[in-house]
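Heads up, the thing below is written out as structure tokens.
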Number of protein chains: 2
Amino acid sequence: MLRSMKTFAFVLYPGLTPLDLVGPLQVLAGFAGATDTYRVVTVAETLDPLPTDSPLGLSATHRFDDVPEPFAVVVPGGEAPTLRALRDRKLLDYLREAAATAEYVTSVCTGALVLGAAGLLDGRRATTHWMFRNALAAFGASPVDARWVEDGPVITAAGVAAGIDMALHLVGKLGGEQAERLVQFAVEYDPQPPLGPLDWTEAPRALMTPRALRTIADGLADAPDLAARLRALL
Amino acid sequence: MLRSMKTFAFVLYPGLTPLDLVGPLQVLAGFAGATDTYRVVTVAETLDPLPTDSPLGLSATHRFDDVPEPFAVVVPGGEAPTLRALRDRKLLDYLREAAATAEYVTSVCTGALVLGAAGLLDGRRATTHWMFRNALAAFGASPVDARWVEDGPVITAAGVAAGIDMALHLVGKLGGEQAERLVQFAVEYDPQPPLGPLDWTEAPRALMTPRALRTIADGLADAPDLAARLRALL
């Protein structure tokens, strides 16, 4: 039964940003739970709890080896630990193997850089957190300013909260508009940011650049060449 | 140092809806991390991983006893397991003791019912997930149709994703508009639901009522009187 289901594999690694993961997870688990066709799992190298960038540990339901041919993979992002993950051999191997058969290869936020490090963005249009968007070029991708970008089987979402929008888009593609609307009502996603939508003319780039530089320095201390390439593209 | 900081305690219990927790956690942890004044922790009866309603385990950083006087508590919701939590003596005791000194007592989604069971909503205006909004009256609260409702120290958010909006509101109250905008940019919360905002004239109440009834039956199997009261208020 489970073997014949189409599996969404959400990838966990130490230090990720939990909202990158949990936004689309809640949406897609809600969708999958109402079908006999899809299921959602979380996969990691270990089933032990992993730290995140927040005061919260996360545990996966499956090991990488347990889910060799997912229907879709979702890679969340983060800050320095995500840049460290760019050199995590087991994670990259899993993504490359999964991508060989998966119908969708997706990322949220700087999870796109992990897809890039796995060689999965070469020649593709893609997006990521706005502070790192230009850095996608280091992996052969063409950076696009959009909430999410779909290029063949690869769907990349912008920063953190954008994963929710991308996941709803996927529900709509797979289950139709009615399923998408039902999930949106179930998670009451009727956003009312108190200050309204972001005004991109006010983006605090100068304020956030030192943080991005620290992220690169910390996360890629052992990879000075890649660090220099990303730094130059910020 | 830590003792003098104002602590946001996010409460974990088995079976919660992770997005209820992680949305506001990511927002408030981002805010707190940029200050010397605030810190964010997760608290539970145990530090062992807890199951959620999704394929993901969550581990708290602290036990209830470690954080006796938080500045604020945040209670996430869920479905049947959250109704089970309405009779979790240790959780309710923790909330009552915390509420005695906390400046803010908050909830997301059906976490409001847990506050209600702890006696913290009596005579207050409050909100919760739209399917359970009227059920708040079972705890002496006046249900309000709003994204979040602030009544004295008690702030309750609507369903699941509403926790993000409530958390940004709190950041604005505590840190001002500039801090709120910075966090909003950091988590790129510039929502673009593919189908747009929810049209409440289309709310799938008839479709979701059986699910809510199952939630009550499963979660309150041992509390038939409360189950009957909630059922009557749906």
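In the structure tokens, chains take the letters A, B, ... in the order shown, each chain's residues start at 1, and ligands count up from 1 in the order shown.
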
Got a sec: who's within 6 Å of B:Tyr104, counting only C-alpha atoms, leaving out chain neighbours fewer than 3 positions off, as JSON, numbers by chain? {"B": [72, 153, 154]}

Leaving out A:Val149 and any residue of its chain fewer than 5 positions from it, which residues lie within 9 Å of it when counting only C-alpha atoms, given as JSON, numbers by chain? {"A": [125, 126, 127, 144, 154, 155, 156, 157, 158, 166]}

Using Å and a single decimal, report how far atom CA of A:Ala135 sits from atom CA of A:Leu230. 5.3 Å

Show which residues sit within 12 Å of A:Ala117, as a list of chain:residue names. Count only C-alpha atoms, and ignore same-chain residues fewer than 6 positions away. A:Thr82, A:Leu83, A:Arg84, A:Ala85, A:Leu86, A:Arg87, A:Asp88, A:Arg89, A:Leu91, A:Leu92, A:Asp93, A:Leu95, A:Arg96, A:Thr110, A:Gly111, A:Ala135, A:Leu136, A:Ala137, A:Ala138, A:Phe139, A:Gly140, A:Ala141, A:Leu226

Convert the current residue selection to file output with N, CA and C atoms, as a PDB file, in the first residue's frame.
```pdb
ATOM      1  N   THR A  82      22.933  25.886   6.749  1.00  0.00           N
ATOM      2  CA  THR A  82      22.541  25.516   5.382  1.00  0.00           C
ATOM      3  C   THR A  82      23.744  25.622   4.445  1.00  0.00           C
ATOM      4  N   LEU A  83      24.579  26.626   4.661  1.00  0.00           N
ATOM      5  CA  LEU A  83      25.789  26.713   3.831  1.00  0.00           C
ATOM      6  C   LEU A  83      26.724  25.545   4.150  1.00  0.00           C
ATOM      7  N   ARG A  84      26.734  25.119   5.421  1.00  0.00           N
ATOM      8  CA  ARG A  84      27.513  23.925   5.765  1.00  0.00           C
ATOM      9  C   ARG A  84      26.951  22.708   5.021  1.00  0.00           C
ATOM     10  N   ALA A  85      25.628  22.677   4.872  1.00  0.00           N
ATOM     11  CA  ALA A  85      24.987  21.539   4.197  1.00  0.00           C
ATOM     12  C   ALA A  85      25.354  21.475   2.710  1.00  0.00           C
ATOM     13  N   LEU A  86      25.873  22.568   2.152  1.00  0.00           N
ATOM     14  CA  LEU A  86      26.292  22.548   0.741  1.00  0.00           C
ATOM     15  C   LEU A  86      27.425  21.546   0.523  1.00  0.00           C
ATOM     16  N   ARG A  87      28.062  21.125   1.630  1.00  0.00           N
ATOM     17  CA  ARG A  87      29.179  20.181   1.518  1.00  0.00           C
ATOM     18  C   ARG A  87      28.889  18.894   2.270  1.00  0.00           C
ATOM     19  N   ASP A  88      27.604  18.635   2.523  1.00  0.00           N
ATOM     20  CA  ASP A  88      27.181  17.419   3.234  1.00  0.00           C
ATOM     21  C   ASP A  88      26.982  16.326   2.185  1.00  0.00           C
ATOM     22  N   ARG A  89      27.984  15.480   2.056  1.00  0.00           N
ATOM     23  CA  ARG A  89      28.022  14.483   0.977  1.00  0.00           C
ATOM     24  C   ARG A  89      26.762  13.602   0.965  1.00  0.00           C
ATOM     25  N   LEU A  91      23.763  14.132   2.207  1.00  0.00           N
ATOM     26  CA  LEU A  91      22.581  14.905   1.829  1.00  0.00           C
ATOM     27  C   LEU A  91      22.563  15.150   0.313  1.00  0.00           C
ATOM     28  N   LEU A  92      23.706  15.566  -0.230  1.00  0.00           N
ATOM     29  CA  LEU A  92      23.758  15.860  -1.668  1.00  0.00           C
ATOM     30  C   LEU A  92      23.555  14.585  -2.490  1.00  0.00           C
ATOM     31  N   ASP A  93      24.144  13.487  -2.032  1.00  0.00           N
ATOM     32  CA  ASP A  93      23.955  12.213  -2.749  1.00  0.00           C
ATOM     33  C   ASP A  93      22.479  11.829  -2.748  1.00  0.00           C
ATOM     34  N   LEU A  95      19.900  13.787  -2.535  1.00  0.00           N
ATOM     35  CA  LEU A  95      19.137  14.673  -3.423  1.00  0.00           C
ATOM     36  C   LEU A  95      19.350  14.316  -4.881  1.00  0.00           C
ATOM     37  N   ARG A  96      20.601  14.019  -5.257  1.00  0.00           N
ATOM     38  CA  ARG A  96      20.871  13.659  -6.655  1.00  0.00           C
ATOM     39  C   ARG A  96      20.156  12.376  -7.041  1.00  0.00           C
ATOM     40  N   THR A 110      16.959  29.432   1.249  1.00  0.00           N
ATOM     41  CA  THR A 110      18.297  29.043   0.813  1.00  0.00           C
ATOM     42  C   THR A 110      18.454  27.535   0.613  1.00  0.00           C
ATOM     43  N   GLY A 111      17.386  26.778   0.785  1.00  0.00           N
ATOM     44  CA  GLY A 111      17.408  25.380   0.349  1.00  0.00           C
ATOM     45  C   GLY A 111      17.765  25.293  -1.132  1.00  0.00           C
ATOM     46  N   ALA A 135      23.278  34.979  -5.578  1.00  0.00           N
ATOM     47  CA  ALA A 135      24.259  33.913  -5.333  1.00  0.00           C
ATOM     48  C   ALA A 135      23.899  32.624  -6.057  1.00  0.00           C
ATOM     49  N   LEU A 136      22.655  32.495  -6.521  1.00  0.00           N
ATOM     50  CA  LEU A 136      22.263  31.297  -7.279  1.00  0.00           C
ATOM     51  C   LEU A 136      23.118  31.133  -8.530  1.00  0.00           C
ATOM     52  N   ALA A 137      23.619  32.261  -9.058  1.00  0.00           N
ATOM     53  CA  ALA A 137      24.439  32.199 -10.270  1.00  0.00           C
ATOM     54  C   ALA A 137      25.702  31.369 -10.055  1.00  0.00           C
ATOM     55  N   ALA A 138      26.164  31.258  -8.798  1.00  0.00           N
ATOM     56  CA  ALA A 138      27.367  30.453  -8.514  1.00  0.00           C
ATOM     57  C   ALA A 138      27.147  28.978  -8.846  1.00  0.00           C
ATOM     58  N   PHE A 139      25.866  28.584  -8.994  1.00  0.00           N
ATOM     59  CA  PHE A 139      25.544  27.176  -9.280  1.00  0.00           C
ATOM     60  C   PHE A 139      24.966  27.008 -10.686  1.00  0.00           C
ATOM     61  N   GLY A 140      25.199  28.018 -11.532  1.00  0.00           N
ATOM     62  CA  GLY A 140      24.748  27.909 -12.919  1.00  0.00           C
ATOM     63  C   GLY A 140      23.294  28.240 -13.130  1.00  0.00           C
ATOM     64  N   ALA A 141      22.612  28.764 -12.093  1.00  0.00           N
ATOM     65  CA  ALA A 141      21.187  29.100 -12.216  1.00  0.00           C
ATOM     66  C   ALA A 141      21.012  30.563 -12.625  1.00  0.00           C
ATOM     67  N   LEU A 226      34.386  28.808  -2.569  1.00  0.00           N
ATOM     68  CA  LEU A 226      32.934  28.970  -2.705  1.00  0.00           C
ATOM     69  C   LEU A 226      32.478  30.188  -1.897  1.00  0.00           C
TER      70      LEU A 226
END
```

Would you mind listing, for every residue of chain A within 6 Å of chain B, the two atoms forming the shortest contact and the distance between them in Å to one decimal, using only C-alpha atoms, sorted by chain and ascending residue number, as CSV?
```
residue,atom,partner,partner_atom,distance
A:Leu19,CA,B:Val22,CA,5.8
A:Val22,CA,B:Leu19,CA,5.8
A:Val41,CA,B:Pro55,CA,5.5
A:Pro55,CA,B:Val41,CA,5.5
A:Leu56,CA,B:Ala60,CA,5.6
A:Gly57,CA,B:Ser59,CA,4.6
A:Leu58,CA,B:Leu58,CA,4.8
A:Ser59,CA,B:Gly57,CA,4.6
A:Ala60,CA,B:Leu56,CA,5.6
A:Gly159,CA,B:Glu188,CA,5.1
A:Val160,CA,B:Val187,CA,5.1
A:Ala161,CA,B:Tyr189,CA,5.3
A:Asp165,CA,B:Pro193,CA,5.2
A:Val187,CA,B:Val160,CA,5.1
A:Glu188,CA,B:Gly159,CA,5.1
A:Tyr189,CA,B:Ala161,CA,5.3
A:Asp190,CA,B:Pro197,CA,5.1
A:Pro193,CA,B:Asp165,CA,5.2
A:Pro197,CA,B:Asp190,CA,5.2
A:Leu198,CA,B:Asp190,CA,5.5
```

Just the residues within 12 Å of B:Arg211, please, counting only C-alpha atoms, with nothing from its chain fewer than 2 positions along; format it as a count of residues only. 21

What residues in stretch 138-194 of chain B get the DSSP label strand (DSSP E or B)? Please answer as an NGL selection string. :B and (142-143 or 148-151 or 154-157)

What is the distance between atom CA of A:Glu97 and atom CA of A:Phe31, in Å to one decimal?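 Between atom CA of A:Glu97 and atom CA of A:Phe31 the gap works out to 25.5 Å.
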
So what do you get for atom CA of B:Asn134 versus atom CA of B:Val171, distance-wise? 28.4 Å

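Checking B:Leu233, B:Ala9, B:Glu69, B:Val74 one by one against B:Thr101, counting only C-alpha atoms, you find the shortest gap at B:Glu69.
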